[in-house]
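Novice: Before anything else, here's the structure in question.
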Amino acid sequence: MEKQNKKIVVLGSLNVDTIQHMDKLPERGETIHINSLTSAPGGKGANQAVAAARQGAQVSFIGAVGDDANGRFMKQALADNQIDVSRIVTKSVPTGSASILLEADGSNTILVYGGANMRVTVEDVQAAEDEIAEADAIITQFETPIPAAIGAFEIAKKHHVMTILNPAPAKKIDAELLRLSDFVTPNETEAQVLIDQDVAFNQDSLMNAAQALEKLGVKNTLITLGKSGSFYKVADKSGMIPSFKVKAVDTTAAGDTFIGVFAANIKNDLSNLVPTLIWASRSSSLTVQKAGALPSIPTFAEVEADEK
């Protein structure tokens, strides 16, 4: 893969993750002991930004933290990855956080407190218009308010910047945001919520889902399928991208890695689409072999070494 050195803006969440390692989830009413407890920087926005930055992209972040130790911790974590944090604002509520219940087989259940993430405003986004205008692509998710996402994508479209929407956590969304999105990147559960119908892990079902999204205004669709790989429908091309078979330790940031790596490597004319999707899949396979969100995301050199 040829390194692209792109400019990426991420509008998204900043969470301090508390990871509770356990053999299995408790049943309702059950008390269990956890095996260990760790904390690490995370949040979908932070994960995607770091994934892009570790691919060599120049990344700017739009988001919010509280006036607290966690907020300072998150800003430093991004800065340590050479991410521009000048557009991260401080709000009068605590920094976002997440409790990750991690089972022995690598499966996770995540409880998120939005905190300052949910206070990001359209005005915060408008203040970053210069950064958006100069970018090759902007990414956002659903862990910050939808009006801010719409405002960011409106600015991006004004300046002919690629827009990538990760509709997670899953929920119904404003059709306007879908129309402003060049790429929509749900997993299979999120795709089901968007189109209000079941999605199976086969090409016919996935194609039907992509066509249903097209009717809602979506231009290009990437559906991530965990260990089953991913599906793409981009312009008149479609297909499956297989996953790389590895032993999963923690799947927390796998999807975020895929999206950040895709944004950092896809050419504006999409001429390297399939190689970029394979590269993103390989990157995600490296992420799941380590514990934690940000700490597990590979660099360009690590993915390149794995390819060899």
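Within each chain, counting starts at residue 1; across the structure tokens, chains are named A, B, ... in the order shown, with ligands numbered 1 upward in that order.
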Considering only C-alpha atoms, return as a short mmCIF file (atom, residue, chain, number, x, y, z; two decimals) with C-alpha atoms, in the first residue's frame whatever protein or nucleic-acid residues lie within 9 Å of A:Ala116, sequence-local ones (same chain, fewer than 4 positions apart) excluded.
Specialist:
```
data_model
loop_
_atom_site.label_atom_id
_atom_site.label_comp_id
_atom_site.auth_asym_id
_atom_site.auth_seq_id
_atom_site.Cartn_x
_atom_site.Cartn_y
_atom_site.Cartn_z
CA SER A 13 -16.33 11.34 20.88
CA LEU A 14 -13.62 11.30 23.51
CA GLY A 63 -14.91 17.47 19.98
CA ALA A 64 -15.45 18.32 23.63
CA VAL A 65 -14.17 17.34 27.07
CA GLY A 66 -14.94 18.40 30.61
CA THR A 90 -14.20 22.43 27.20
CA LYS A 91 -17.75 22.04 28.52
CA SER A 92 -19.27 22.32 32.00
CA VAL A 93 -20.00 18.58 32.29
CA PRO A 94 -17.61 15.65 32.82
CA THR A 95 -15.60 14.11 30.01
CA GLY A 96 -17.27 11.14 28.33
CA VAL A 120 -20.75 19.67 20.90
CA THR A 144 -21.89 13.56 19.27
#
```
Novice: Just asking: which residues within stretch 182-219 of chain A are alpha helix (DSSP H) according to DSSP, as a VMD selection string?
Specialist: chain A and resid 188 to 195 203 to 215
Novice: Emit the selected residues as a compact mmCIF listing (two decimals), in the first residue's frame, including C-alpha atoms.
Specialist:
```
# COMPACT_ATOMS: atom_id res chain seq x y z
CA GLU A 188 -24.67 -5.37 10.15
CA THR A 189 -26.68 -4.37 13.26
CA GLU A 190 -26.54 -0.68 12.39
CA ALA A 191 -27.53 -1.42 8.79
CA GLN A 192 -30.62 -3.28 10.05
CA VAL A 193 -31.66 -0.28 12.13
CA LEU A 194 -31.15 2.16 9.25
CA ILE A 195 -33.29 0.20 6.80
CA GLN A 203 -23.95 -11.13 -0.61
CA ASP A 204 -27.58 -11.02 -1.77
CA SER A 205 -28.86 -9.79 1.59
CA LEU A 206 -26.05 -7.25 1.88
CA MET A 207 -26.71 -5.99 -1.64
CA ASN A 208 -30.39 -5.57 -0.77
CA ALA A 209 -29.36 -3.57 2.31
CA ALA A 210 -27.08 -1.34 0.25
CA GLN A 211 -29.83 -0.76 -2.31
CA ALA A 212 -32.27 0.11 0.49
CA LEU A 213 -29.75 2.63 1.80
CA GLU A 214 -29.40 4.08 -1.70
CA LYS A 215 -33.15 4.77 -1.70
```
Novice: Find the spatial neighbours of stretch 259-276 of chain A, counting only C-alpha atoms, within a cut-off of 9 Å - ignore same-chain residues fewer than 4 positions away - and output them as number ranges by chain.
Specialist: A: 1-8, 47-58, 136-139, 162, 164, 166, 185, 234, 241, 254-255, 280-281, 283-284, 300
Novice: Write the residues of the preceding selection, restricted to N, CA and C atoms, as a short mmCIF file (atom, residue, chain, number, x, y, z; two decimals), in the first residue's frame.
Specialist:
```cif
data_model
loop_
_atom_site.label_atom_id
_atom_site.label_comp_id
_atom_site.auth_asym_id
_atom_site.auth_seq_id
_atom_site.Cartn_x
_atom_site.Cartn_y
_atom_site.Cartn_z
N MET A 1 0.85 -1.20 0.00
CA MET A 1 0.00 0.00 0.00
C MET A 1 0.88 1.24 0.00
N GLU A 2 0.59 2.16 -0.90
CA GLU A 2 1.31 3.42 -0.96
C GLU A 2 0.73 4.40 0.06
N LYS A 3 1.58 4.96 0.93
CA LYS A 3 1.10 5.90 1.94
C LYS A 3 0.59 7.17 1.27
N GLN A 4 -0.58 7.64 1.70
CA GLN A 4 -1.25 8.76 1.02
C GLN A 4 -0.98 10.13 1.64
N ASN A 5 -0.64 10.19 2.93
CA ASN A 5 -0.38 11.47 3.60
C ASN A 5 -1.54 12.45 3.46
N LYS A 6 -2.74 11.98 3.75
CA LYS A 6 -3.93 12.79 3.58
C LYS A 6 -4.22 13.66 4.81
N LYS A 7 -5.10 14.64 4.61
CA LYS A 7 -5.58 15.48 5.71
C LYS A 7 -6.99 15.01 6.07
N ILE A 8 -7.17 14.63 7.33
CA ILE A 8 -8.44 14.08 7.81
C ILE A 8 -8.93 14.90 9.00
N ASN A 47 -10.70 6.81 18.56
CA ASN A 47 -10.18 5.61 17.91
C ASN A 47 -9.97 5.83 16.42
N GLN A 48 -10.96 6.40 15.75
CA GLN A 48 -10.87 6.61 14.31
C GLN A 48 -9.79 7.63 13.96
N ALA A 49 -9.66 8.66 14.79
CA ALA A 49 -8.63 9.67 14.56
C ALA A 49 -7.23 9.07 14.69
N VAL A 50 -7.03 8.28 15.73
CA VAL A 50 -5.72 7.65 15.95
C VAL A 50 -5.42 6.65 14.84
N ALA A 51 -6.45 5.89 14.42
CA ALA A 51 -6.24 4.94 13.32
C ALA A 51 -5.76 5.66 12.07
N ALA A 52 -6.36 6.80 11.75
CA ALA A 52 -5.95 7.57 10.57
C ALA A 52 -4.54 8.15 10.77
N ALA A 53 -4.29 8.68 11.96
CA ALA A 53 -2.98 9.30 12.22
C ALA A 53 -1.86 8.26 12.14
N ARG A 54 -2.09 7.06 12.64
CA ARG A 54 -1.06 6.03 12.61
C ARG A 54 -0.82 5.48 11.20
N GLN A 55 -1.70 5.85 10.27
CA GLN A 55 -1.48 5.52 8.87
C GLN A 55 -0.68 6.62 8.15
N GLY A 56 -0.36 7.69 8.89
CA GLY A 56 0.40 8.78 8.30
C GLY A 56 -0.42 9.99 7.90
N ALA A 57 -1.73 9.97 8.20
CA ALA A 57 -2.57 11.12 7.87
C ALA A 57 -2.33 12.27 8.84
N GLN A 58 -2.56 13.48 8.36
CA GLN A 58 -2.53 14.68 9.21
C GLN A 58 -3.96 14.88 9.71
N ASP A 136 -9.02 16.32 3.14
CA ASP A 136 -9.42 15.39 2.08
C ASP A 136 -10.72 14.69 2.45
N ALA A 137 -10.92 14.46 3.75
CA ALA A 137 -12.13 13.76 4.20
C ALA A 137 -12.43 14.14 5.64
N ILE A 138 -13.71 14.05 5.99
CA ILE A 138 -14.15 14.22 7.38
C ILE A 138 -14.97 13.01 7.77
N ILE A 139 -14.75 12.54 9.01
CA ILE A 139 -15.46 11.38 9.57
C ILE A 139 -16.28 11.84 10.77
N MET A 162 -14.66 14.93 1.03
CA MET A 162 -15.32 13.63 1.20
C MET A 162 -15.88 13.49 2.61
N ILE A 164 -17.61 10.90 5.49
CA ILE A 164 -17.73 9.50 5.88
C ILE A 164 -18.53 9.43 7.18
N ASN A 166 -20.14 7.14 10.09
CA ASN A 166 -20.21 5.86 10.79
C ASN A 166 -21.44 5.91 11.70
N THR A 185 -20.94 3.80 6.75
CA THR A 185 -20.16 2.62 7.14
C THR A 185 -20.76 1.93 8.37
N VAL A 234 -19.95 0.51 -3.95
CA VAL A 234 -19.40 1.84 -4.22
C VAL A 234 -19.60 2.11 -5.71
N ILE A 241 -15.17 -8.45 1.08
CA ILE A 241 -13.77 -8.44 1.47
C ILE A 241 -13.62 -9.41 2.64
N ALA A 254 -12.13 -2.52 16.59
CA ALA A 254 -11.92 -3.11 15.26
C ALA A 254 -12.60 -2.29 14.16
N GLY A 255 -13.88 -1.99 14.35
CA GLY A 255 -14.61 -1.21 13.35
C GLY A 255 -14.06 0.19 13.19
N ALA A 280 -7.51 -2.12 5.20
CA ALA A 280 -8.29 -1.79 6.40
C ALA A 280 -8.68 -3.05 7.16
N SER A 281 -9.02 -4.11 6.43
CA SER A 281 -9.36 -5.38 7.07
C SER A 281 -8.15 -5.97 7.78
N SER A 283 -5.65 -4.29 8.96
CA SER A 283 -5.40 -3.43 10.11
C SER A 283 -6.30 -3.80 11.29
N SER A 284 -7.58 -4.06 11.00
CA SER A 284 -8.51 -4.45 12.04
C SER A 284 -8.13 -5.78 12.67
N PHE A 300 1.03 2.23 10.26
CA PHE A 300 1.20 1.84 8.85
C PHE A 300 2.31 0.79 8.73
#
```
Novice: Name the closest residue to A:Arg119 among the candidates A:Ser230, A:Asp198, A:Gln289, A:Ile62; distances are taken between atoms, counting only C-alpha atoms.
Specialist: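 Of A:Ser230, A:Asp198, A:Gln289, A:Ile62, the one nearest A:Arg119, counting only C-alpha atoms, is A:Ile62.
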Novice: Mind giving me the straight-line distance from atom CA of A:Leu25 to atom CA of A:Val249 in Å, one decimal?
Specialist: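 Separating atom CA of A:Leu25 from atom CA of A:Val249 is a distance of 15.7 Å.
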Novice: Quick one: of A:Asp236, A:Glu143, A:Glu176, A:Asp196, who's nearest to A:Val218, counting only C-alpha atoms?
Specialist: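 Closest candidate: A:Glu176.
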Novice: Within 12 Å of A:Ile132, counting only C-alpha atoms, which residues show up once you throw out same-chain ones fewer than 5 positions away? Write them as a list in words, please.
Specialist: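 Neighbouring residues, sequence-local ones excluded: Lys7, Ile8, Val9, Val10, Leu11, Val59, Ser60, Phe61, Ile62, Arg87, Val125, Gln126, Ala127, Ala137, Ile138, Ile139, Gly151, Ala152, Phe153, Glu154, Ile155, Ala156, Lys157, Lys158, His159, His160, Val161, Met162 and Thr163 of chain A.
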Novice: I'd like to know which of A:Pro186, A:Gly43, A:Gly217, A:Gly239 is closest to A:Leu294, using only C-alpha atoms.
Specialist: A:Gly43
Novice: Can you tell me which residues surround A:Leu111 at a distance of at most 9 Å, considering only C-alpha atoms, apart from same-chain residues fewer than 2 positions away, and format the answer as a list in words?
Specialist: Ser97, Ala98, Ser99, Ile100, Leu101, Thr109 and Tyr113 of chain A
Novice: Have a look at A:Asp256, A:Gly106, A:Asp80, A:Lys24 and name the one nearest to A:Gly45; count only C-alpha atoms.
Specialist: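 The shortest atom-to-atom distance to A:Gly45 comes from A:Asp256.
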Novice: Hey, what's within 8 Å of A:Leu37 if we count only C-alpha atoms and toss same-chain stuff fewer than 4 positions away? As a PyMOL selection string, please?
Specialist: chain A and resi 18-21
Novice: Next, write the just-selected residues to a file, as a tab-separated table (two decimals), in the first residue's frame, keeping N, CA and C atoms as the atom set.
Specialist:
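Okay, result_31.tsv is ready:
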```tsv
chain	number	residue	atom	x	y	z
A	18	THR	N	-12.98	2.27	30.77
A	18	THR	CA	-12.64	1.37	31.87
A	18	THR	C	-12.99	-0.04	31.42
A	19	ILE	N	-11.98	-0.90	31.30
A	19	ILE	CA	-12.15	-2.24	30.75
A	19	ILE	C	-12.15	-3.25	31.89
A	20	GLN	N	-13.27	-3.97	32.01
A	20	GLN	CA	-13.42	-4.98	33.05
A	20	GLN	C	-13.33	-6.37	32.41
A	21	HIS	N	-12.28	-7.08	32.73
A	21	HIS	CA	-12.02	-8.39	32.14
A	21	HIS	C	-12.74	-9.46	32.97
```
Novice: For atom CA of A:Ala248 and atom CA of A:Ala305, determine how far apart the two atoms are, in Å to one decimal place.
Specialist: 19.1 Å
Novice: So how far away is atom CA of A:Gly42 from atom CA of A:Leu78, in Å?
Specialist: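 Taking atom CA of A:Leu78 as the start and atom CA of A:Gly42 as the end point, the length is 9.9 Å.
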Novice: I'd like to know which of A:Ala46, A:Asn220, A:Ile150, A:Asn202 is closest to A:Lys237, using only C-alpha atoms.
Specialist: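 Looking only at the distances to A:Lys237, the closest residue turns out to be A:Asn220.
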